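Structure file protein35.txt (compact mmCIF, C-alpha atoms) is printed below.
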```
# COMPACT_ATOMS: atom_id res chain seq x y z
CA MET A 1 0.00 0.00 0.00
CA ASN A 2 1.44 3.35 -1.08
CA TRP A 3 0.57 5.46 1.95
CA SER A 4 2.53 8.45 0.63
CA ALA A 5 0.27 8.61 -2.43
CA ILE A 6 -2.87 8.30 -0.31
CA ARG A 7 -1.63 11.04 2.00
CA ALA A 8 -0.73 13.34 -0.92
CA ILE A 9 -4.22 13.04 -2.45
CA TYR A 10 -5.91 13.35 0.92
CA VAL A 11 -3.93 16.43 2.01
CA PHE A 12 -4.47 18.12 -1.37
CA GLU A 13 -8.23 17.61 -1.20
CA MET A 14 -8.44 18.77 2.42
CA ALA A 15 -6.41 21.88 1.56
CA ARG A 16 -8.94 22.71 -1.17
CA PHE A 17 -11.70 22.39 1.42
CA PHE A 18 -10.09 24.94 3.75
CA ARG A 19 -9.31 27.31 0.87
CA THR A 20 -13.04 27.53 0.16
CA ILE A 21 -14.19 27.47 3.78
CA ALA A 22 -17.01 29.97 3.20
CA GLN A 23 -18.61 27.80 0.52
CA SER A 24 -17.69 24.47 2.11
CA LEU A 25 -18.64 25.11 5.73
CA ILE A 26 -20.40 28.39 6.37
CA SER A 27 -22.99 27.91 3.62
CA PRO A 28 -24.26 24.51 4.90
CA VAL A 29 -24.44 25.84 8.47
CA LEU A 30 -26.50 28.86 7.38
CA SER A 31 -28.78 26.69 5.26
CA THR A 32 -29.38 24.30 8.14
CA SER A 33 -30.08 27.19 10.50
CA LEU A 34 -32.77 28.36 8.09
CA TYR A 35 -34.28 24.86 8.14
CA PHE A 36 -34.47 25.07 11.92
CA VAL A 37 -36.17 28.45 11.73
CA VAL A 38 -38.67 27.40 9.06
CA PHE A 39 -39.41 23.82 10.07
CA GLY A 40 -38.58 23.95 13.76
CA ALA A 41 -40.33 27.23 14.54
CA ALA A 42 -43.07 27.59 11.93
CA ILE A 43 -44.11 23.96 11.51
CA GLY A 44 -43.03 23.03 15.02
CA SER A 45 -45.61 25.43 16.41
CA ARG A 46 -48.30 23.26 14.78
CA ILE A 47 -46.68 19.86 15.37
CA GLN A 48 -45.62 19.79 19.01
CA GLU A 49 -44.33 16.21 19.21
CA VAL A 50 -43.63 13.16 17.06
CA ASP A 51 -43.60 9.86 18.96
CA GLY A 52 -42.97 11.72 22.20
CA VAL A 53 -40.07 13.80 20.84
CA SER A 54 -40.37 17.54 20.27
CA TYR A 55 -40.59 18.31 16.56
CA GLY A 56 -37.56 20.60 16.65
CA ALA A 57 -35.40 17.80 18.03
CA PHE A 58 -37.03 15.18 15.81
CA ILE A 59 -35.84 16.82 12.59
CA VAL A 60 -32.19 17.12 13.72
CA PRO A 61 -31.10 13.65 12.48
CA GLY A 62 -32.81 14.28 9.15
CA LEU A 63 -31.11 17.66 8.73
CA VAL A 64 -27.71 16.20 9.57
CA MET A 65 -28.20 13.35 7.10
CA LEU A 66 -29.43 15.73 4.40
CA THR A 67 -26.29 17.84 4.75
CA VAL A 68 -23.92 14.89 5.07
CA MET A 69 -25.25 13.06 2.02
CA THR A 70 -25.24 16.09 -0.27
CA GLN A 71 -21.82 17.29 0.91
CA ALA A 72 -20.23 13.84 0.60
CA ILE A 73 -21.49 13.50 -2.96
CA SER A 74 -20.53 17.05 -3.90
CA ASN A 75 -16.99 16.90 -2.52
CA ALA A 76 -16.19 13.46 -3.91
CA SER A 77 -17.65 14.11 -7.36
CA PHE A 78 -15.87 17.43 -7.82
CA GLY A 79 -12.64 16.04 -6.38
CA ILE A 80 -12.28 13.37 -9.10
CA TYR A 81 -14.00 15.30 -11.91
CA PHE A 82 -11.68 18.31 -11.79
CA PRO A 83 -8.52 16.26 -12.58
CA LYS A 84 -10.43 14.78 -15.53
CA PHE A 85 -11.47 18.26 -16.64
CA ILE A 86 -7.95 19.76 -16.62
CA GLY A 87 -6.21 16.55 -17.74
CA THR A 88 -4.12 15.82 -14.65
CA ILE A 89 -5.92 12.50 -14.22
CA TYR A 90 -3.46 11.00 -16.70
CA GLU A 91 -0.54 11.86 -14.45
CA LEU A 92 -2.30 10.10 -11.60
CA LEU A 93 -3.10 7.03 -13.70
CA SER A 94 0.50 6.77 -15.00
CA ALA A 95 1.95 7.01 -11.49
CA PRO A 96 2.71 3.88 -9.44
CA VAL A 97 -0.59 4.20 -7.62
CA SER A 98 -3.31 1.55 -7.55
CA PHE A 99 -7.01 2.30 -7.89
CA ILE A 100 -7.45 1.38 -4.21
CA GLU A 101 -5.05 4.12 -3.19
CA ILE A 102 -6.74 6.65 -5.48
CA VAL A 103 -10.14 5.80 -4.05
CA LEU A 104 -8.87 5.91 -0.46
CA GLY A 105 -7.38 9.36 -1.03
CA TYR A 106 -10.36 11.00 -2.73
CA VAL A 107 -13.16 9.19 -0.91
CA GLY A 108 -11.39 9.48 2.44
CA ALA A 109 -11.05 13.24 2.03
CA ALA A 110 -14.67 13.66 0.91
CA ALA A 111 -15.93 11.52 3.79
CA THR A 112 -13.82 13.51 6.27
CA LYS A 113 -15.17 16.82 4.95
CA SER A 114 -18.80 15.72 5.10
CA MET A 115 -18.35 14.21 8.56
CA PHE A 116 -16.74 17.44 9.78
CA ILE A 117 -19.67 19.44 8.42
CA GLY A 118 -22.14 16.96 9.92
CA VAL A 119 -20.58 17.41 13.37
CA ILE A 120 -20.72 21.20 13.00
CA ILE A 121 -24.41 20.95 12.03
CA LEU A 122 -25.07 18.76 15.05
CA ILE A 123 -23.33 21.25 17.35
CA THR A 124 -25.33 24.08 15.74
CA SER A 125 -28.58 22.23 16.49
CA PHE A 126 -27.88 22.44 20.24
CA PHE A 127 -28.37 26.21 19.98
CA PHE A 128 -31.92 25.65 18.73
CA VAL A 129 -33.23 22.59 20.55
CA ASP A 130 -32.44 20.32 23.48
CA ILE A 131 -31.10 16.98 22.27
CA THR A 132 -30.03 13.86 24.11
CA ILE A 133 -28.20 11.20 22.11
CA ALA A 134 -29.35 7.81 23.39
CA HIS A 135 -26.74 5.72 21.53
CA PRO A 136 -23.67 7.89 20.77
CA LEU A 137 -21.53 5.05 19.43
CA ALA A 138 -24.28 3.96 17.05
CA MET A 139 -24.74 7.59 15.98
CA VAL A 140 -21.04 7.87 15.12
CA ALA A 141 -21.12 4.53 13.28
CA PHE A 142 -24.12 5.53 11.15
CA LEU A 143 -22.55 8.92 10.44
CA VAL A 144 -19.23 7.40 9.33
CA LEU A 145 -20.87 4.73 7.18
CA THR A 146 -23.12 7.28 5.51
CA CYS A 147 -20.20 9.61 4.79
CA ILE A 148 -18.15 6.80 3.24
CA SER A 149 -20.98 5.28 1.19
CA PHE A 150 -22.17 8.58 -0.28
CA ALA A 151 -18.61 9.72 -0.91
CA LEU A 152 -18.20 6.54 -2.97
CA MET A 153 -21.39 7.41 -4.81
CA GLY A 154 -20.07 10.91 -5.45
CA PHE A 155 -16.81 9.47 -6.75
CA ILE A 156 -18.79 7.40 -9.27
CA ILE A 157 -20.80 10.46 -10.32
CA GLY A 158 -17.60 12.46 -10.79
CA ILE A 159 -16.22 9.81 -13.15
CA TRP A 160 -19.51 9.52 -15.02
CA ALA A 161 -20.08 13.27 -15.45
CA GLY A 162 -19.11 14.79 -18.77
CA ASN A 163 -19.59 18.40 -17.72
CA PHE A 164 -20.33 20.53 -14.68
CA GLU A 165 -24.08 20.38 -15.31
CA GLN A 166 -24.10 16.58 -15.10
CA LEU A 167 -22.05 16.86 -11.91
CA GLN A 168 -25.06 18.43 -10.17
CA LEU A 169 -27.75 16.42 -11.96
CA VAL A 170 -27.91 13.36 -9.70
CA PRO A 171 -27.69 15.22 -6.35
CA LEU A 172 -30.37 17.73 -7.35
CA LEU A 173 -32.82 15.50 -9.17
CA ILE A 174 -32.41 12.21 -7.30
CA VAL A 175 -30.61 12.39 -3.96
CA THR A 176 -32.19 15.55 -2.51
CA PRO A 177 -35.79 14.48 -3.33
CA LEU A 178 -35.12 11.03 -1.87
CA VAL A 179 -33.85 12.61 1.34
CA PHE A 180 -36.88 14.92 1.63
CA LEU A 181 -39.21 11.98 0.97
CA GLY A 182 -37.22 9.66 3.22
CA GLY A 183 -38.60 10.81 6.55
CA SER A 184 -36.21 13.71 7.19
CA PHE A 185 -38.95 15.94 8.56
CA TYR A 186 -41.62 13.40 9.50
CA SER A 187 -42.12 9.84 10.63
CA ILE A 188 -43.10 7.28 8.01
CA SER A 189 -45.81 6.10 10.43
CA MET A 190 -47.57 9.45 9.90
CA LEU A 191 -48.25 8.59 6.25
CA PRO A 192 -51.27 6.66 4.91
CA PRO A 193 -50.65 2.89 4.59
CA VAL A 194 -50.18 3.08 0.81
CA TRP A 195 -47.49 5.74 1.07
CA GLN A 196 -45.82 3.88 3.92
CA THR A 197 -45.41 0.91 1.59
CA ILE A 198 -44.09 3.11 -1.22
CA SER A 199 -41.62 4.78 1.16
CA MET A 200 -40.06 1.41 1.95
CA PHE A 201 -38.62 1.40 -1.57
CA ASN A 202 -36.70 4.59 -0.78
CA PRO A 203 -33.20 3.53 0.41
CA VAL A 204 -32.70 6.80 2.28
CA VAL A 205 -35.53 5.84 4.66
CA TYR A 206 -33.35 3.12 6.18
CA LEU A 207 -30.39 5.46 6.69
CA ILE A 208 -32.40 8.22 8.34
CA SER A 209 -34.37 5.74 10.43
CA GLY A 210 -31.20 4.15 11.79
CA PHE A 211 -29.60 7.51 12.47
CA ARG A 212 -32.72 8.76 14.27
CA TRP A 213 -32.79 5.59 16.38
CA ALA A 214 -29.28 6.45 17.60
CA PHE A 215 -30.67 9.74 18.91
CA PHE A 216 -34.05 8.86 20.36
CA GLY A 217 -34.38 5.08 20.27
CA LEU A 218 -37.14 5.49 17.66
CA ALA A 219 -37.03 3.89 14.21
CA ASP A 220 -39.40 3.44 11.30
CA VAL A 221 -37.65 0.19 10.30
CA PRO A 222 -35.63 -2.35 12.33
CA ILE A 223 -32.03 -1.32 13.04
CA ALA A 224 -30.70 -4.55 11.57
CA THR A 225 -32.47 -3.72 8.31
CA SER A 226 -30.94 -0.23 8.30
CA LEU A 227 -27.45 -1.64 8.81
CA LEU A 228 -28.01 -4.22 6.10
CA ALA A 229 -29.24 -1.52 3.70
CA ILE A 230 -26.23 0.75 4.18
CA ALA A 231 -23.85 -2.22 3.97
CA ALA A 232 -25.45 -3.33 0.70
CA PHE A 233 -25.28 0.21 -0.70
CA THR A 234 -21.61 0.53 0.24
CA ALA A 235 -20.81 -2.85 -1.32
CA LEU A 236 -22.64 -1.84 -4.51
CA CYS A 237 -20.63 1.39 -4.75
CA LEU A 238 -17.35 -0.44 -4.11
CA GLY A 239 -18.17 -2.99 -6.80
CA THR A 240 -19.01 -0.21 -9.26
CA VAL A 241 -15.73 1.61 -8.55
CA TRP A 242 -13.79 -1.64 -9.02
CA TRP A 243 -15.51 -2.21 -12.37
CA ILE A 244 -14.80 1.36 -13.50
CA PHE A 245 -11.06 1.05 -12.90
CA LYS A 246 -10.95 -2.45 -14.35
CA THR A 247 -12.58 -1.36 -17.62
CA GLY A 248 -11.35 2.24 -17.69
CA TRP A 249 -14.90 3.44 -18.30
CA ARG A 250 -15.04 7.24 -18.56
CA ILE A 251 -11.65 7.63 -16.91
CA ARG A 252 -9.60 7.94 -20.07
CA GLN A 253 -12.23 9.75 -22.09
```

For this file, produce the structure as structure tokens.
Amino acid sequence: MNWSAIRAIYVFEMARFFRTIAQSLISPVLSTSLYFVVFGAAIGSRIQEVDGVSYGAFIVPGLVMLTVMTQAISNASFGIYFPKFIGTIYELLSAPVSFIEIVLGYVGAAATKSMFIGVIILITSFFFVDITIAHPLAMVAFLVLTCISFALMGFIIGIWAGNFEQLQLVPLLIVTPLVFLGGSFYSISMLPPVWQTISMFNPVVYLISGFRWAFFGLADVPIATSLLAIAAFTALCLGTVWWIFKTGWRIRQ
């Protein structure tokens, strides 16, 4: 394992994050604060509690997951797309670096960035609502797994994208709607039976449900199912990345 190569990619990507700190960190925090004001205050005044938890606190896991998923995808996709765009990807591919080391560098940096932002969002939420984390270790585990899996997804999107418009296509048209419809701001049990069944086909439901269980001990689906879902999603992304580097699909185009 070429740890020097992994470290070089990782440090370079993290340096880019801190060079654009206003866009990378301040913007998500402000956006989340607005969610708290709109959903927590406006809607929270009409919905006092959900399953015994105040509505303001109930939406915290969903807001954290919304930010973490979108930021992991955004950072990972841009991180690998930009070298393709300016042509430096060929230098990386010709270097004595395996695809595992490339993935570890880019995905590791993207996951670290999104996890850092997720922690900041969580800290910010304490200024708005009172939160008690029932299972802190499980919360950290779900957060780390989500950051890694969606960073892998972003890495795939970055390789697939042919321009900057396509880079934003999947997060805007697929991921964000799935998160909003995945129980971020409500419990699936609040929906009519038909829509509850339809929601079970949304993979984000399992991630948010497991993450919310770590906070309040409440879940829309069994925790084992949530863990199985995120493990399957991570395995699928890893298999796709392996296939991409094996075939060279979109990398050398």

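The coordinates place atom CA of A:Val37 at 28.6 Å from atom CA of A:Ala151.
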
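Shortest separation to A:Val205 among A:Arg7, A:Pro192, A:Phe78, A:Leu181 occurs at residue A:Leu181, atoms counted being only C-alpha atoms.
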
Hey, can I get the axis-aligned box for stretch 99-104 of chain A? All listed atoms, 6 Å padding on each side, centre and edge lengths in Å to one decimal, as JSON.
```
{"center_x": -7.6, "center_y": 4.0, "center_z": -4.2, "size_x": 17.1, "size_y": 17.3, "size_z": 19.4}
```

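Of the residues listed (A:Ala141, A:Leu152, A:Val29, A:Cys237), A:Val29 shows the shortest atom-to-atom separation from A:Ile123; distances use only C-alpha atoms.
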
Give as an mmCIF file with C-alpha atoms, keeping the file's coordinate frame every residue, naming chains and numbers as the document does, that has an atom within 12 Å of (-23.1, 21.6, 14.4), counting all atoms listed in the file.
```cif
data_model
loop_
_atom_site.group_PDB
_atom_site.id
_atom_site.type_symbol
_atom_site.label_atom_id
_atom_site.label_comp_id
_atom_site.auth_asym_id
_atom_site.auth_seq_id
_atom_site.Cartn_x
_atom_site.Cartn_y
_atom_site.Cartn_z
ATOM 1 C CA LEU A 25 -18.640 25.110 5.730
ATOM 2 C CA ILE A 26 -20.400 28.390 6.370
ATOM 3 C CA PRO A 28 -24.260 24.510 4.900
ATOM 4 C CA VAL A 29 -24.440 25.840 8.470
ATOM 5 C CA LEU A 30 -26.500 28.860 7.380
ATOM 6 C CA SER A 31 -28.780 26.690 5.260
ATOM 7 C CA THR A 32 -29.380 24.300 8.140
ATOM 8 C CA SER A 33 -30.080 27.190 10.500
ATOM 9 C CA VAL A 60 -32.190 17.120 13.720
ATOM 10 C CA PRO A 61 -31.100 13.650 12.480
ATOM 11 C CA LEU A 63 -31.110 17.660 8.730
ATOM 12 C CA VAL A 64 -27.710 16.200 9.570
ATOM 13 C CA THR A 67 -26.290 17.840 4.750
ATOM 14 C CA VAL A 68 -23.920 14.890 5.070
ATOM 15 C CA SER A 114 -18.800 15.720 5.100
ATOM 16 C CA MET A 115 -18.350 14.210 8.560
ATOM 17 C CA PHE A 116 -16.740 17.440 9.780
ATOM 18 C CA ILE A 117 -19.670 19.440 8.420
ATOM 19 C CA GLY A 118 -22.140 16.960 9.920
ATOM 20 C CA VAL A 119 -20.580 17.410 13.370
ATOM 21 C CA ILE A 120 -20.720 21.200 13.000
ATOM 22 C CA ILE A 121 -24.410 20.950 12.030
ATOM 23 C CA LEU A 122 -25.070 18.760 15.050
ATOM 24 C CA ILE A 123 -23.330 21.250 17.350
ATOM 25 C CA THR A 124 -25.330 24.080 15.740
ATOM 26 C CA SER A 125 -28.580 22.230 16.490
ATOM 27 C CA PHE A 126 -27.880 22.440 20.240
ATOM 28 C CA PHE A 127 -28.370 26.210 19.980
ATOM 29 C CA PHE A 128 -31.920 25.650 18.730
ATOM 30 C CA VAL A 129 -33.230 22.590 20.550
#
```

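Picture a line from atom CA of A:Ile230 to atom CA of A:Ala138; it runs 13.4 Å.
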